[in-house]
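Asks: Got a file for you: final-v7.cif, mmCIF, C-alpha atoms.
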data_entry
loop_
_atom_site.label_atom_id
_atom_site.label_comp_id
_atom_site.auth_asym_id
_atom_site.auth_seq_id
_atom_site.Cartn_x
_atom_site.Cartn_y
_atom_site.Cartn_z
CA MET A 1302 28.84 -42.95 2.14
CA HIS A 1303 30.08 -44.70 -0.96
CA ASP A 1304 29.13 -43.51 -4.41
CA ILE A 1305 26.54 -45.55 -6.28
CA GLY A 1306 27.20 -45.78 -9.99
CA ARG A 1307 24.41 -44.77 -12.35
CA PRO A 1308 23.29 -47.60 -14.65
CA ASP A 1309 23.57 -46.76 -18.32
CA THR A 1310 20.59 -46.85 -20.60
CA MET A 1311 20.24 -48.96 -23.72
CA ALA A 1312 20.67 -47.58 -27.21
CA THR A 1313 17.39 -47.36 -29.05
CA THR A 1314 15.40 -45.05 -31.27
CA GLN A 1315 12.02 -46.58 -30.36
CA GLN A 1316 9.30 -44.70 -28.54
CA LEU A 1317 9.32 -44.71 -24.76
CA SER A 1318 5.56 -45.15 -24.69
CA PRO A 1319 2.51 -45.40 -26.94
CA ALA A 1320 0.09 -42.51 -27.01
CA GLY A 1321 -2.44 -43.23 -24.26
CA SER A 1322 -5.01 -40.42 -23.88
CA LEU A 1323 -2.85 -37.81 -25.59
CA ASP A 1324 -3.37 -37.01 -29.22
CA GLU A 1325 -0.80 -38.49 -31.55
CA ALA A 1326 1.10 -35.24 -32.10
CA GLN A 1327 1.56 -34.62 -28.37
CA ALA A 1328 2.58 -38.22 -27.75
CA ASN A 1329 5.14 -37.99 -30.53
CA GLN A 1330 6.50 -34.79 -29.03
CA LEU A 1331 6.88 -36.31 -25.59
CA ASN A 1332 8.43 -39.46 -27.02
CA ALA A 1333 11.02 -37.19 -28.62
CA VAL A 1334 11.53 -34.85 -25.66
CA LEU A 1335 11.88 -37.41 -22.85
CA PRO A 1336 14.92 -39.23 -24.33
CA ARG A 1337 16.60 -35.83 -24.74
CA LEU A 1338 15.88 -35.00 -21.11
CA ILE A 1339 17.27 -38.38 -20.00
CA ALA A 1340 20.39 -37.83 -22.10
CA TRP A 1341 20.80 -34.39 -20.53
CA LEU A 1342 20.54 -35.96 -17.07
CA ASP A 1343 23.30 -38.42 -17.99
CA ARG A 1344 25.59 -35.59 -19.10
CA PHE A 1345 24.72 -33.12 -16.36
CA GLY A 1346 24.79 -35.51 -13.41
CA GLU A 1347 22.50 -35.96 -10.43
CA THR A 1348 23.61 -32.96 -8.33
CA SER A 1349 22.71 -29.36 -9.02
CA PHE A 1350 22.39 -25.89 -7.62
CA ASP A 1351 19.00 -25.00 -6.18
CA HIS A 1352 16.43 -22.26 -5.76
CA GLN A 1353 17.72 -21.94 -2.18
CA SER A 1354 21.42 -21.94 -3.08
CA TYR A 1355 21.60 -18.18 -2.46
CA PHE A 1356 20.62 -18.72 1.18
CA ALA A 1357 21.92 -22.23 1.91
CA GLY A 1358 25.46 -21.14 2.76
CA PRO A 1359 26.71 -19.12 5.73
CA ILE A 1360 26.60 -15.69 4.03
CA GLY A 1361 23.16 -16.03 2.49
CA GLY A 1362 21.80 -17.83 5.54
CA ARG A 1363 22.80 -15.02 7.89
CA ALA A 1364 21.38 -12.43 5.50
CA LYS A 1365 18.04 -14.24 5.30
CA ALA A 1366 17.89 -14.67 9.07
CA LEU A 1367 18.49 -10.93 9.44
CA TYR A 1368 15.67 -10.27 6.99
CA TYR A 1369 13.25 -12.19 9.20
CA SER A 1370 14.45 -10.67 12.47
CA HIS A 1371 15.04 -7.08 11.27
CA PRO A 1372 13.22 -6.62 7.94
CA LYS A 1373 14.56 -3.18 7.03
CA LEU A 1374 18.19 -4.00 7.68
CA GLY A 1375 17.71 -7.51 6.31
CA THR A 1376 16.33 -6.16 3.05
CA LEU A 1377 19.68 -4.49 2.43
CA ALA A 1378 21.49 -7.70 3.34
CA VAL A 1379 19.55 -9.90 0.89
CA ALA A 1380 19.47 -7.30 -1.90
CA PRO A 1381 22.57 -8.66 -3.70
CA MET A 1382 21.09 -12.16 -3.79
CA ILE A 1383 17.71 -10.93 -5.03
CA PHE A 1384 19.41 -8.80 -7.69
CA SER A 1385 21.44 -11.79 -8.87
CA GLU A 1386 18.35 -14.01 -8.88
CA ALA A 1387 16.52 -11.47 -11.04
CA PHE A 1388 19.27 -10.51 -13.47
CA LEU A 1389 22.20 -12.94 -13.15
CA PRO A 1390 20.85 -16.33 -11.97
CA ALA A 1391 24.14 -18.10 -12.65
CA GLY A 1392 25.53 -16.11 -9.73
CA ARG A 1393 23.99 -18.59 -7.29
CA GLN A 1394 27.14 -20.70 -7.72
CA LEU A 1395 29.02 -18.02 -5.77
CA PHE A 1396 26.94 -18.66 -2.67
CA TRP A 1397 26.71 -22.45 -2.31
CA LYS A 1398 27.52 -25.76 -3.98
CA LYS A 1399 25.78 -28.38 -6.07
CA GLN A 1400 23.98 -31.01 -3.99
CA ARG A 1401 21.84 -34.11 -4.30
CA PHE A 1402 18.19 -33.71 -3.34
CA PRO A 1403 16.12 -36.71 -2.19
CA ILE A 1404 12.88 -35.13 -3.40
CA ALA A 1405 14.39 -34.90 -6.88
CA ASP A 1406 15.72 -38.46 -6.77
CA ALA A 1407 12.23 -39.65 -5.82
CA HIS A 1408 10.67 -37.86 -8.79
CA TYR A 1409 13.23 -39.29 -11.19
CA ALA A 1410 12.57 -42.76 -9.76
CA MET A 1411 8.82 -42.36 -10.26
CA GLY A 1412 9.25 -41.14 -13.82
CA PHE A 1413 11.50 -44.01 -14.81
CA ALA A 1414 9.13 -46.49 -13.12
CA MET A 1415 6.24 -45.10 -15.18
CA LEU A 1416 8.22 -45.57 -18.37
CA ALA A 1417 9.17 -49.08 -17.30
CA ARG A 1418 5.55 -50.02 -16.63
CA SER A 1419 4.21 -48.57 -19.87
CA SER A 1420 6.94 -49.83 -22.18
CA GLY A 1421 8.20 -52.98 -20.45
CA ARG A 1422 11.77 -51.74 -20.80
CA GLN A 1423 14.30 -53.14 -18.36
CA ASP A 1424 16.65 -50.18 -18.77
CA MET A 1425 13.95 -47.83 -17.47
CA LEU A 1426 13.42 -50.04 -14.41
CA ASP A 1427 17.19 -50.13 -13.86
CA ARG A 1428 17.23 -46.36 -13.69
CA ALA A 1429 14.35 -46.28 -11.20
CA VAL A 1430 16.07 -48.87 -9.00
CA HIS A 1431 19.27 -46.84 -9.08
CA PHE A 1432 17.50 -43.85 -7.56
CA LEU A 1433 15.93 -46.04 -4.87
CA GLU A 1434 19.37 -47.34 -3.95
CA VAL A 1435 20.56 -43.75 -3.61
CA LEU A 1436 17.54 -42.90 -1.47
CA GLU A 1437 18.27 -45.80 0.85
CA GLN A 1438 21.59 -44.14 1.58
CA THR A 1439 20.39 -40.55 1.88
CA ARG A 1440 17.70 -41.04 4.55
CA CYS A 1441 18.04 -38.64 7.46
CA PRO A 1442 20.36 -40.06 10.14
CA GLY A 1443 19.44 -40.23 13.79
CA TYR A 1444 15.87 -41.49 13.37
CA GLY A 1445 14.57 -44.99 13.94
CA HIS A 1446 12.43 -44.89 10.82
CA HIS A 1447 13.03 -43.67 7.27
CA GLY A 1448 12.53 -39.99 6.52
CA TRP A 1449 14.07 -37.57 4.04
CA GLY A 1450 14.60 -33.81 3.90
CA TYR A 1451 16.94 -31.18 2.48
CA PRO A 1452 20.74 -31.38 2.41
CA PHE A 1453 21.16 -27.73 3.46
CA ASP A 1454 20.25 -25.58 6.45
CA TRP A 1455 16.92 -23.98 5.55
CA VAL A 1456 16.40 -20.54 7.11
CA THR A 1457 12.70 -19.86 7.68
CA ARG A 1458 10.63 -17.24 9.53
CA THR A 1459 10.43 -19.59 12.54
CA GLY A 1460 14.13 -20.50 12.66
CA VAL A 1461 16.60 -22.78 10.92
CA MET A 1462 15.67 -26.29 9.82
CA LYS A 1463 19.03 -28.00 9.93
CA ALA A 1464 20.23 -30.14 7.04
CA GLN A 1465 18.96 -33.72 7.17
CA THR A 1466 15.81 -32.79 9.07
CA PRO A 1467 13.07 -35.08 7.73
CA LEU A 1468 10.19 -33.20 6.12
CA ILE A 1469 6.62 -34.37 5.64
CA THR A 1470 6.69 -32.52 2.31
CA THR A 1471 9.53 -34.75 1.05
CA THR A 1472 9.05 -38.19 2.64
CA PRO A 1473 5.70 -38.96 0.93
CA TYR A 1474 7.32 -38.57 -2.49
CA VAL A 1475 10.01 -41.06 -1.53
CA TYR A 1476 7.29 -43.42 -0.25
CA GLU A 1477 5.55 -43.14 -3.64
CA ALA A 1478 8.81 -43.78 -5.47
CA PHE A 1479 9.37 -47.04 -3.60
CA ALA A 1480 5.72 -47.97 -4.18
CA ALA A 1481 6.06 -47.33 -7.92
CA VAL A 1482 8.98 -49.75 -8.26
CA HIS A 1483 7.47 -52.26 -5.86
CA ALA A 1484 4.42 -52.39 -8.15
CA ILE A 1485 6.74 -53.70 -10.88
CA ASP A 1486 9.18 -56.04 -9.18
CA ALA A 1487 7.42 -56.78 -5.82
CA ARG A 1488 10.66 -56.76 -3.84
CA GLN A 1489 10.15 -56.98 -0.09
CA ARG A 1490 13.14 -54.66 0.27
CA TRP A 1491 11.13 -51.74 -1.11
CA LEU A 1492 8.06 -52.60 0.95
CA ASP A 1493 10.15 -52.61 4.12
CA VAL A 1494 11.33 -49.07 3.40
CA MET A 1495 7.75 -47.96 2.73
CA GLN A 1496 6.55 -49.40 6.02
CA SER A 1497 9.39 -47.70 7.88
CA ALA A 1498 8.58 -44.37 6.19
CA ALA A 1499 4.93 -44.75 7.16
CA GLU A 1500 5.95 -45.38 10.77
CA HIS A 1501 8.05 -42.21 10.62
CA ALA A 1502 5.12 -40.16 9.31
CA PHE A 1503 2.84 -41.61 11.98
CA HIS A 1504 5.12 -41.49 15.03
CA ASP A 1505 7.71 -38.78 14.36
CA ILE A 1506 5.55 -36.06 12.76
CA ALA A 1507 3.54 -34.37 15.48
CA ASP A 1508 -0.15 -33.51 15.30
CA ARG A 1509 -1.69 -30.47 16.98
CA PRO A 1510 -5.34 -31.27 17.68
CA LEU A 1511 -7.80 -28.52 16.81
CA CYS A 1512 -10.84 -30.48 17.92
CA GLU A 1513 -11.78 -34.12 18.38
CA HIS A 1514 -11.75 -34.89 14.67
CA SER A 1515 -9.25 -32.39 13.25
CA ALA A 1516 -5.48 -31.94 13.66
CA THR A 1517 -2.78 -30.04 11.81
CA ALA A 1518 0.46 -31.88 11.07
CA GLY A 1519 3.90 -30.52 11.81
CA TYR A 1520 6.27 -29.79 8.95
CA ASN A 1521 9.04 -31.80 10.63
CA PRO A 1522 9.51 -33.70 13.89
CA MET A 1523 10.34 -30.51 15.82
CA ASP A 1524 7.30 -28.57 14.58
CA LYS A 1525 4.57 -28.88 17.21
CA GLU A 1526 2.39 -26.05 15.87
CA GLY A 1527 1.69 -27.08 12.28
CA GLY A 1528 -0.60 -24.81 10.30
CA VAL A 1529 0.90 -25.35 6.82
CA VAL A 1530 -1.97 -26.75 4.79
CA ASN A 1531 0.00 -28.77 2.25
CA ALA A 1532 1.99 -30.49 5.02
CA SER A 1533 -1.22 -31.93 6.48
CA ALA A 1534 -2.40 -32.85 2.98
CA TYR A 1535 0.78 -34.82 2.33
CA ARG A 1536 0.52 -36.68 5.63
CA ALA A 1537 -3.18 -37.38 5.10
CA PHE A 1538 -2.48 -38.98 1.72
CA MET A 1539 0.55 -40.98 2.82
CA LEU A 1540 -1.12 -42.42 5.91
CA THR A 1541 -4.31 -43.15 3.97
CA GLU A 1542 -2.33 -45.15 1.43
CA ALA A 1543 -0.30 -46.89 4.13
CA ALA A 1544 -3.44 -47.67 6.16
CA LEU A 1545 -4.93 -49.53 3.21
CA ARG A 1546 -1.66 -51.21 2.22
CA PHE A 1547 -0.63 -52.36 5.70
CA GLY A 1548 -4.05 -52.71 7.33
CA ARG A 1549 -3.47 -50.04 9.97
CA GLU A 1550 -6.56 -48.48 11.51
CA ASP A 1551 -4.40 -46.09 13.57
CA TYR A 1552 -2.92 -44.71 10.35
CA ARG A 1553 -6.42 -44.23 8.94
CA GLU A 1554 -7.60 -42.34 11.99
CA ALA A 1555 -4.57 -40.03 11.98
CA ALA A 1556 -4.99 -39.43 8.25
CA GLY A 1557 -8.65 -38.60 8.78
CA ARG A 1558 -7.85 -35.91 11.33
CA ASN A 1559 -5.33 -34.28 8.99
CA LEU A 1560 -7.77 -34.55 6.10
CA ASN A 1561 -10.49 -32.82 8.12
CA TYR A 1562 -8.07 -29.97 8.85
CA VAL A 1563 -7.33 -29.57 5.12
CA LEU A 1564 -11.01 -29.61 4.23
CA GLY A 1565 -11.73 -27.08 6.97
CA ALA A 1566 -8.92 -24.81 5.78
CA GLN A 1567 -10.54 -24.37 2.36
CA GLN A 1568 -11.95 -20.88 1.91
CA ASP A 1569 -15.44 -20.06 0.67
CA ASP A 1570 -14.04 -19.28 -2.79
CA GLY A 1571 -12.42 -22.74 -3.02
CA SER A 1572 -8.85 -21.63 -2.31
CA TRP A 1573 -6.41 -22.78 0.33
CA PRO A 1574 -4.01 -20.36 2.01
CA TYR A 1575 -0.46 -21.58 2.35
CA ALA A 1576 -0.94 -21.59 6.13
CA THR A 1577 -3.70 -20.94 8.65
CA ASP A 1578 -1.43 -19.16 11.12
CA GLY A 1579 -2.60 -15.69 10.11
CA VAL A 1580 0.92 -14.81 8.98
CA ARG A 1581 1.22 -16.65 5.65
CA PRO A 1582 -2.20 -16.43 3.98
CA PHE A 1583 -0.87 -16.16 0.42
CA ILE A 1584 -2.26 -18.41 -2.32
CA ASP A 1585 0.22 -19.68 -4.88
CA HIS A 1586 0.24 -22.11 -7.74
CA PHE A 1587 2.27 -25.14 -6.79
CA HIS A 1588 1.19 -25.28 -3.15
CA THR A 1589 -2.41 -25.25 -4.34
CA CYS A 1590 -1.47 -28.13 -6.63
CA PHE A 1591 0.09 -30.04 -3.74
CA VAL A 1592 -3.21 -29.91 -1.86
CA LEU A 1593 -5.28 -30.85 -4.92
CA LYS A 1594 -2.93 -33.74 -5.74
CA ALA A 1595 -3.20 -35.18 -2.25
CA LEU A 1596 -6.98 -34.87 -2.28
CA ALA A 1597 -7.25 -36.45 -5.73
CA LYS A 1598 -5.22 -39.44 -4.57
CA ILE A 1599 -7.24 -39.78 -1.36
CA GLU A 1600 -10.47 -39.65 -3.36
CA ALA A 1601 -9.18 -42.35 -5.71
CA LEU A 1602 -8.35 -44.56 -2.71
CA THR A 1603 -11.47 -43.95 -0.63
CA GLY A 1604 -14.25 -42.37 -2.71
CA HIS A 1605 -14.67 -39.76 0.06
CA THR A 1606 -17.62 -37.49 -0.89
CA GLY A 1607 -16.35 -34.49 1.03
CA VAL A 1608 -13.02 -34.75 -0.72
CA ARG A 1609 -14.73 -34.77 -4.11
CA GLN A 1610 -16.66 -31.63 -3.21
CA ALA A 1611 -13.47 -29.91 -2.05
CA ILE A 1612 -11.75 -30.83 -5.30
CA ASP A 1613 -14.67 -29.42 -7.31
CA ALA A 1614 -14.45 -26.08 -5.50
CA GLY A 1615 -10.65 -26.09 -5.52
CA VAL A 1616 -10.41 -26.70 -9.25
CA ARG A 1617 -12.87 -23.89 -9.96
CA TYR A 1618 -10.69 -21.47 -8.00
CA TYR A 1619 -7.50 -22.88 -9.51
CA VAL A 1620 -8.47 -22.49 -13.17
CA ASP A 1621 -9.96 -19.03 -12.59
CA HIS A 1622 -7.22 -17.44 -10.50
CA LEU A 1623 -3.88 -19.20 -11.02
CA PHE A 1624 -3.56 -18.88 -14.80
CA ASP A 1625 -2.91 -15.80 -16.92
CA GLU A 1626 -4.84 -14.43 -19.88
CA GLN A 1627 -3.25 -17.03 -22.19
CA GLY A 1628 -4.31 -19.87 -19.89
CA LEU A 1629 -0.74 -20.43 -18.66
CA PRO A 1630 0.31 -21.01 -15.04
CA ARG A 1631 1.00 -17.92 -13.00
CA PRO A 1632 2.82 -18.08 -9.67
CA PHE A 1633 0.37 -16.32 -7.33
CA ALA A 1634 -3.28 -15.41 -7.17
CA ALA A 1635 -1.99 -12.35 -5.31
CA ALA A 1636 1.75 -12.07 -4.70
CA PRO A 1637 2.69 -11.67 -1.01
CA ARG A 1638 5.74 -9.57 -1.86
CA LEU A 1639 7.78 -8.29 -4.76
CA THR A 1640 8.62 -11.18 -7.10
CA VAL A 1641 11.37 -11.21 -9.70
CA TYR A 1642 9.79 -13.71 -12.08
CA ARG A 1643 6.70 -14.13 -14.27
CA GLY A 1644 6.65 -17.90 -14.63
CA GLU A 1645 7.89 -20.91 -12.68
CA LEU A 1646 8.82 -24.33 -14.07
CA TYR A 1647 7.58 -25.88 -10.83
CA ASP A 1648 4.10 -24.48 -11.53
CA TYR A 1649 4.03 -26.08 -14.96
CA ALA A 1650 5.12 -29.45 -13.59
CA GLU A 1651 2.46 -29.45 -10.90
CA CYS A 1652 -0.20 -28.20 -13.30
CA LEU A 1653 0.44 -31.26 -15.47
CA ASN A 1654 0.32 -33.54 -12.43
CA VAL A 1655 -3.00 -32.23 -11.13
CA ALA A 1656 -4.63 -31.98 -14.54
CA THR A 1657 -3.54 -35.50 -15.46
CA LEU A 1658 -4.79 -36.92 -12.15
CA LEU A 1659 -8.17 -35.28 -12.79
CA ARG A 1660 -8.20 -35.64 -16.59
CA GLY A 1661 -11.60 -35.76 -18.22
CA ARG A 1662 -13.51 -34.38 -15.22
CA TYR A 1663 -13.13 -30.64 -15.74
CA PRO A 1664 -12.97 -29.33 -19.34
CA ALA A 1665 -11.39 -26.03 -18.24
CA LEU A 1666 -8.63 -27.92 -16.41
CA ASP A 1667 -8.05 -30.15 -19.43
CA ALA A 1668 -7.63 -26.99 -21.52
CA ARG A 1669 -5.09 -25.62 -19.03
CA ARG A 1670 -3.10 -28.84 -19.32
CA GLN A 1671 -3.05 -28.57 -23.11
CA ALA A 1672 -1.89 -24.95 -22.99
CA ALA A 1673 0.81 -25.60 -20.38
CA LEU A 1674 2.18 -28.61 -22.24
CA SER A 1675 2.30 -26.75 -25.54
CA ASP A 1676 4.09 -23.79 -23.95
CA LEU A 1677 6.59 -26.04 -22.19
CA LEU A 1678 7.56 -27.76 -25.42
CA THR A 1679 7.96 -24.52 -27.33
CA ARG A 1680 9.29 -21.76 -25.06
CA TRP A 1681 10.69 -23.61 -22.03
CA LEU A 1682 12.58 -26.49 -23.68
CA LYS A 1683 16.30 -25.77 -24.14
CA PRO A 1684 18.53 -27.10 -26.93
CA ASP A 1685 20.41 -29.36 -24.48
CA GLY A 1686 17.21 -31.22 -23.56
CA SER A 1687 16.62 -29.59 -20.16
CA PHE A 1688 14.07 -26.90 -19.37
CA ARG A 1689 14.32 -23.28 -18.31
CA SER A 1690 13.77 -22.80 -14.58
CA ARG A 1691 11.99 -19.46 -14.54
CA ARG A 1692 10.69 -16.74 -16.80
CA LEU A 1693 12.09 -13.58 -15.23
CA LEU A 1694 10.90 -10.00 -15.54
CA LEU A 1695 13.64 -9.69 -18.16
CA GLY A 1696 14.73 -12.89 -19.86
CA TRP A 1697 15.00 -16.37 -18.38
CA ASP A 1698 16.69 -18.26 -15.56
CA ASN A 1699 18.36 -21.07 -17.49
CA VAL A 1700 20.22 -22.64 -14.56
CA PRO A 1701 19.01 -26.26 -14.37
CA MET A 1702 18.05 -27.29 -10.85
CA HIS A 1703 16.88 -30.82 -10.08
CA ARG A 1704 14.65 -29.82 -7.16
CA TRP A 1705 13.38 -26.68 -8.92
CA ALA A 1706 12.06 -28.41 -10.96
CA GLN A 1707 13.73 -30.59 -13.63
CA ALA A 1708 12.90 -33.75 -11.68
CA GLN A 1709 9.29 -32.79 -11.03
CA LEU A 1710 8.82 -31.94 -14.68
CA PHE A 1711 10.38 -35.23 -15.79
CA ARG A 1712 7.94 -37.10 -13.59
CA SER A 1713 4.97 -35.04 -14.77
CA LEU A 1714 5.85 -35.51 -18.45
CA CYS A 1715 6.16 -39.27 -17.91
CA PHE A 1716 2.83 -39.26 -16.08
CA THR A 1717 1.15 -37.20 -18.79
CA LEU A 1718 2.38 -39.62 -21.45
CA THR A 1719 1.62 -42.89 -19.67
CA ALA A 1720 -1.33 -42.23 -17.34
CA ASP A 1721 -3.99 -44.13 -19.30
CA LEU A 1722 -1.80 -46.97 -20.52
CA PRO A 1723 -1.95 -50.56 -19.28
CA SER A 1724 1.20 -51.99 -17.76
CA ALA A 1725 3.61 -53.58 -20.22
CA ALA A 1726 5.98 -54.60 -17.47
CA THR A 1727 6.03 -58.25 -18.42
CA ALA A 1728 5.37 -58.09 -22.17
CA ALA A 1729 7.00 -55.23 -24.04
CA GLY A 1730 5.89 -56.38 -27.48
CA THR A 1731 7.94 -53.68 -29.22
CA GLY A 1732 11.37 -55.21 -29.44
CA ALA A 1733 12.49 -53.61 -26.17
CA THR A 1734 14.22 -55.55 -23.45
CA PRO A 1735 11.24 -56.47 -21.23
CA VAL A 1736 11.14 -55.83 -17.53
CA THR A 1737 12.00 -58.91 -15.50
CA PRO A 1738 10.94 -58.61 -11.85
CA GLY A 1739 13.94 -59.02 -9.58
CA ARG A 1740 16.50 -58.78 -12.37
CA PRO A 1741 19.63 -56.84 -11.33
CA ALA A 1742 20.55 -53.52 -12.90
CA SER A 1743 21.74 -53.49 -16.47
CA ALA A 1744 25.43 -53.20 -17.21
CA THR A 1745 25.07 -52.08 -20.81
CA ALA A 1746 27.34 -49.28 -21.95
CA GLU A 1747 25.28 -47.60 -24.63
CA THR A 1748 23.42 -44.32 -24.21
CA LEU A 1749 19.88 -43.42 -25.13
CA HIS A 1750 19.43 -41.41 -28.31
#
I need this file expressed as C-alpha cells, please.
Replies:
Amino acid sequence: MHDIGRPDTMATTQQLSPAGSLDEAQANQLNAVLPRLIAWLDRFGETSFDHQSYFAGPIGGRAKALYYSHPKLGTLAVAPMIFSEAFLPAGRQLFWKKQRFPIADAHYAMGFAMLARSSGRQDMLDRAVHFLEVLEQTRCPGYGHHGWGYPFDWVTRTGVMKAQTPLITTTPYVYEAFAAVHAIDARQRWLDVMQSAAEHAFHDIADRPLCEHSATAGYNPMDKEGGVVNASAYRAFMLTEAALRFGREDYREAAGRNLNYVLGAQQDDGSWPYATDGVRPFIDHFHTCFVLKALAKIEALTGHTGVRQAIDAGVRYYVDHLFDEQGLPRPFAAAPRLTVYRGELYDYAECLNVATLLRGRYPALDARRQAALSDLLTRWLKPDGSFRSRRLLLGWDNVPMHRWAQAQLFRSLCFTLTADLPSAATAAGTGATPVTPGRPASATAETLH
C-alpha cells in the first residue's frame, strides 16, 4: 500500500465558521480551538497509540485471553497493564505500536466536511477528501464489498477478532464520511463506495431472528449470535439511510427488524444494556450515546413514532444517570468492574453528538451539552491543541489517541459549531477560497494558524 500524502491547509486567521445556534462566546472559543486541534494533527500525524494498545500485541493479547479463560490467574497476568493504564499511561508504547484507525479517519473526514460546508473553504474539503482516499485503501481485504474494522487483533470474551475484520460498529461511520463529502462535490466515486458498504452491511453482517419482525445483528461477519444492542442500532441506521438513498426495500425491511430489536431491548427505566446476552448487562455512557444517535438519525429520516418515544425515555435515563453532580459525563451508570478512571474523552465527544442532534428538544440535555463543552475547553484542552484522553483516579491520561477519542471529539466540535448553519459550499462570502465541486486537492504549502 503506497502512502498518501496529506494535503496542507491554507494560511488564514479567519473563523472556520459563523456562530450558528451557539452563543457568540462559545462560537468564538470553538473557532479558536479547532484550528489549534488541526495544527496539532498536522504535527502529530495520523497514526497513534490506542486504548487497546496494552492488549493488541502478543504479550498483552495472551494476558487478556487468560483473563477471560481463567479469571483469577488472568487477573495477575493483566495487572501490570492495568497498573500502567492507571498510573503511567505512556507505558502503552511498550506493548504495541502506533497505527492508523479507519474509524478515526472517518470522523476526521466528517469534521472537515462539516467545516467545508459551513465555510465554503476548499482547504477543508481537501482535507476531507484526503481521508476518504486513505479509507479507500484501508478497507478490509478478502470481502467483495467495502467494510472497515480495527488494525489489530482484538481479544474479546468470545475469542479473537483478527485484524482487518469488518465491524458493523465502524463501517457506518465510514459510510457517513463518504456521504458527507458526496453532499458537497457529488462525485460518483464516493457514491459507489457507499453502495458497496451498504451491500456489505446487508449481505455480510448476519441477522439472528428473534421473531418474525425482530432480529439482532452480528458484530462482524463471523458473529451469528448478535446481542450487542449498539451493533443492531448502527446497522438499522445505515440500512435505513441506504434504503432511502438507493431505493432498496430489502434494506428497509432488514433495518426495520434490527430497529425492532433495539426498541425491544430498552428497559422500563429507559436504559439499554450493552448486550442482551445476560452476560454483559452494564450501562455505560458512550454506548448509550451510540444507540441514541442511531435512533435520532432514524427518526429524522422516517418520523417513526416508536423511535421518538424510545428517544424520550432514553434521554430521561441518560441525563439522570450518566452525569455526575456537576452535570458532567460519567462513564457508567453502575460500573461492571473496577475502573481506573473518573472521566472519558469519548463520553464527552458522544455527549456533544447526541445533544447536538437533539438540540432544543430537551432542556436538561441542552444543559448537559453546555456543561460538557465548557469543561472540555477548560480542563481537558492541552497547550498543544489536543485533548486529554482520560481523567484518572490520580491525574490525567495525556496520551493522544485518534480512536480514543481525538477524532470523535474533532467531529463533535465541528458538528456543535456548524449544526444549524446553511451550506456555504458554493459561496464562501468571507474571503476564503470557496469549495469547487470536483476540484482536486490543494497543493498549497502554508499551515493553518
Asks: Using only C-alpha atoms, which protein or nucleic acid residues come within 8 Å of A:Thr1439? Drop anything in the same chain fewer than 3 positions from it, and give the result as JSON, numbers by chain.
Replies: {"A": [1403, 1435, 1436, 1449]}
Asks: Identify, on the basis of all atoms listed in the file, every residue whose closest approach to A:Ile1360 does not exceed 10 Å; exclude the query and any residue fewer than 5 positions from it along the same chain; express the result as a PyMOL selection string.
Replies: chain A and resi 1355+1365+1378-1379+1396-1397
Asks: Using only C-alpha atoms, what residues lie at most 10 Å away from (-4.6, -24.8, -16.9) (file coordinates), given as a PyMOL selection string?
Replies: chain A and resi 1616+1619-1621+1623-1625+1627-1631+1649+1652-1653+1655-1656+1664-1674
Asks: Nearest to A:Ala1480 among A:Ala1518, A:Ala1391, A:Leu1433, A:Ile1506, with distances taken over all atoms listed in the file: which residue is it?
Replies: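 Checking each candidate against A:Ala1480, we get A:Leu1433 as the closest.
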Asks: Here's a test: counting all atoms listed in the file, identify every protein, DNA and RNA residue with an atom at most 6 Å from (17.6, -31.2, 3.3) in the file's coordinate frame, and state them as a list in words.
Replies: Gly1450, Tyr1451, Pro1452, Phe1453, Ala1464 and Gln1465 of chain A
Asks: Would you work out the distance separating atom CA of A:Asp1585 from atom CA of A:Asn1531, expressed in Å to one decimal?
Replies: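 Taking atom CA of A:Asp1585 and atom CA of A:Asn1531, their separation equals 11.6 Å.
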Asks: Could you tell me which of A:Gly1448, A:Pro1372, A:Gly1615, A:Pro1701 comes closest to A:Asp1351 if we count all atoms listed in the file?
Replies: A:Pro1701
Asks: Return as a PyMOL selection string the set of residues that the PyMOL selection byres ((chain A and resi 1470) around 10) yields on the displayed structure.
Replies: chain A and resi 1404+1449-1450+1467-1469+1471-1475+1520-1521+1531-1536+1591
Asks: Go through the shown structure with the PyMOL selection byres ((chain A and resi 1454) around 7) and write out the matching residues as an NGL selection string.
Replies: :A and (1357 or 1453 or 1455-1456 or 1461-1464)
Asks: Can you list, as a list in words, every protein, DNA or RNA residue that comes within 10 Å of A:Leu1658 when you count only C-alpha atoms, leaving out same-chain residues fewer than 3 positions away?
Replies: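 What passes the distance filter is Leu1593, Lys1594, Ala1597, Lys1598, Ala1601, Cys1652, Leu1653, Asn1654, Val1655, Gly1661, Arg1662, Phe1716, Thr1717 and Ala1720 of chain A.
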Asks: As an exercise, work out the distance from atom CA of A:Phe1633 to atom CA of A:Ala1366 in Å and give it to one decimal place.
Replies: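 Result for atom CA of A:Phe1633 versus atom CA of A:Ala1366: 24.1 Å, one decimal.
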Asks: In Å to one decimal, how far is atom CA of A:Phe1350 from atom CA of A:Gln1400?
Replies: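 Going from atom CA of A:Gln1400 over to atom CA of A:Phe1350, I get 6.5 Å.
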Asks: With only C-alpha atoms as the basis for distance, which of A:Ala1417, A:Leu1694, A:Leu1374, A:Ala1636 is at the shortest distance from A:Ala1484?
Replies: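 Checking each of A:Ala1417, A:Leu1694, A:Leu1374, A:Ala1636 against A:Ala1484, counting only C-alpha atoms, the winner is A:Ala1417.
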Asks: Please write the residues picked by the PyMOL selection byres ((chain A and resi 1562) around 10) on this file as a ChimeraX atom specification.
Replies: /A:1510-1512,1514-1518,1528,1530,1533-1534,1537,1556-1561,1563-1567
Asks: Can you pull out the residues contacting stretch 1579-1582 of chain A? Cut-off 9 Å, using all atoms listed in the file, and skip same-chain residues under 4 positions away; I want them as a ChimeraX atom specification.
Replies: /A:1529,1573-1575,1637
Asks: Tell me which of A:Leu1395, A:Val1592, A:Cys1441, A:Leu1682 sits closest to A:Phe1711, counting all atoms listed in the file.
Replies: A:Leu1682
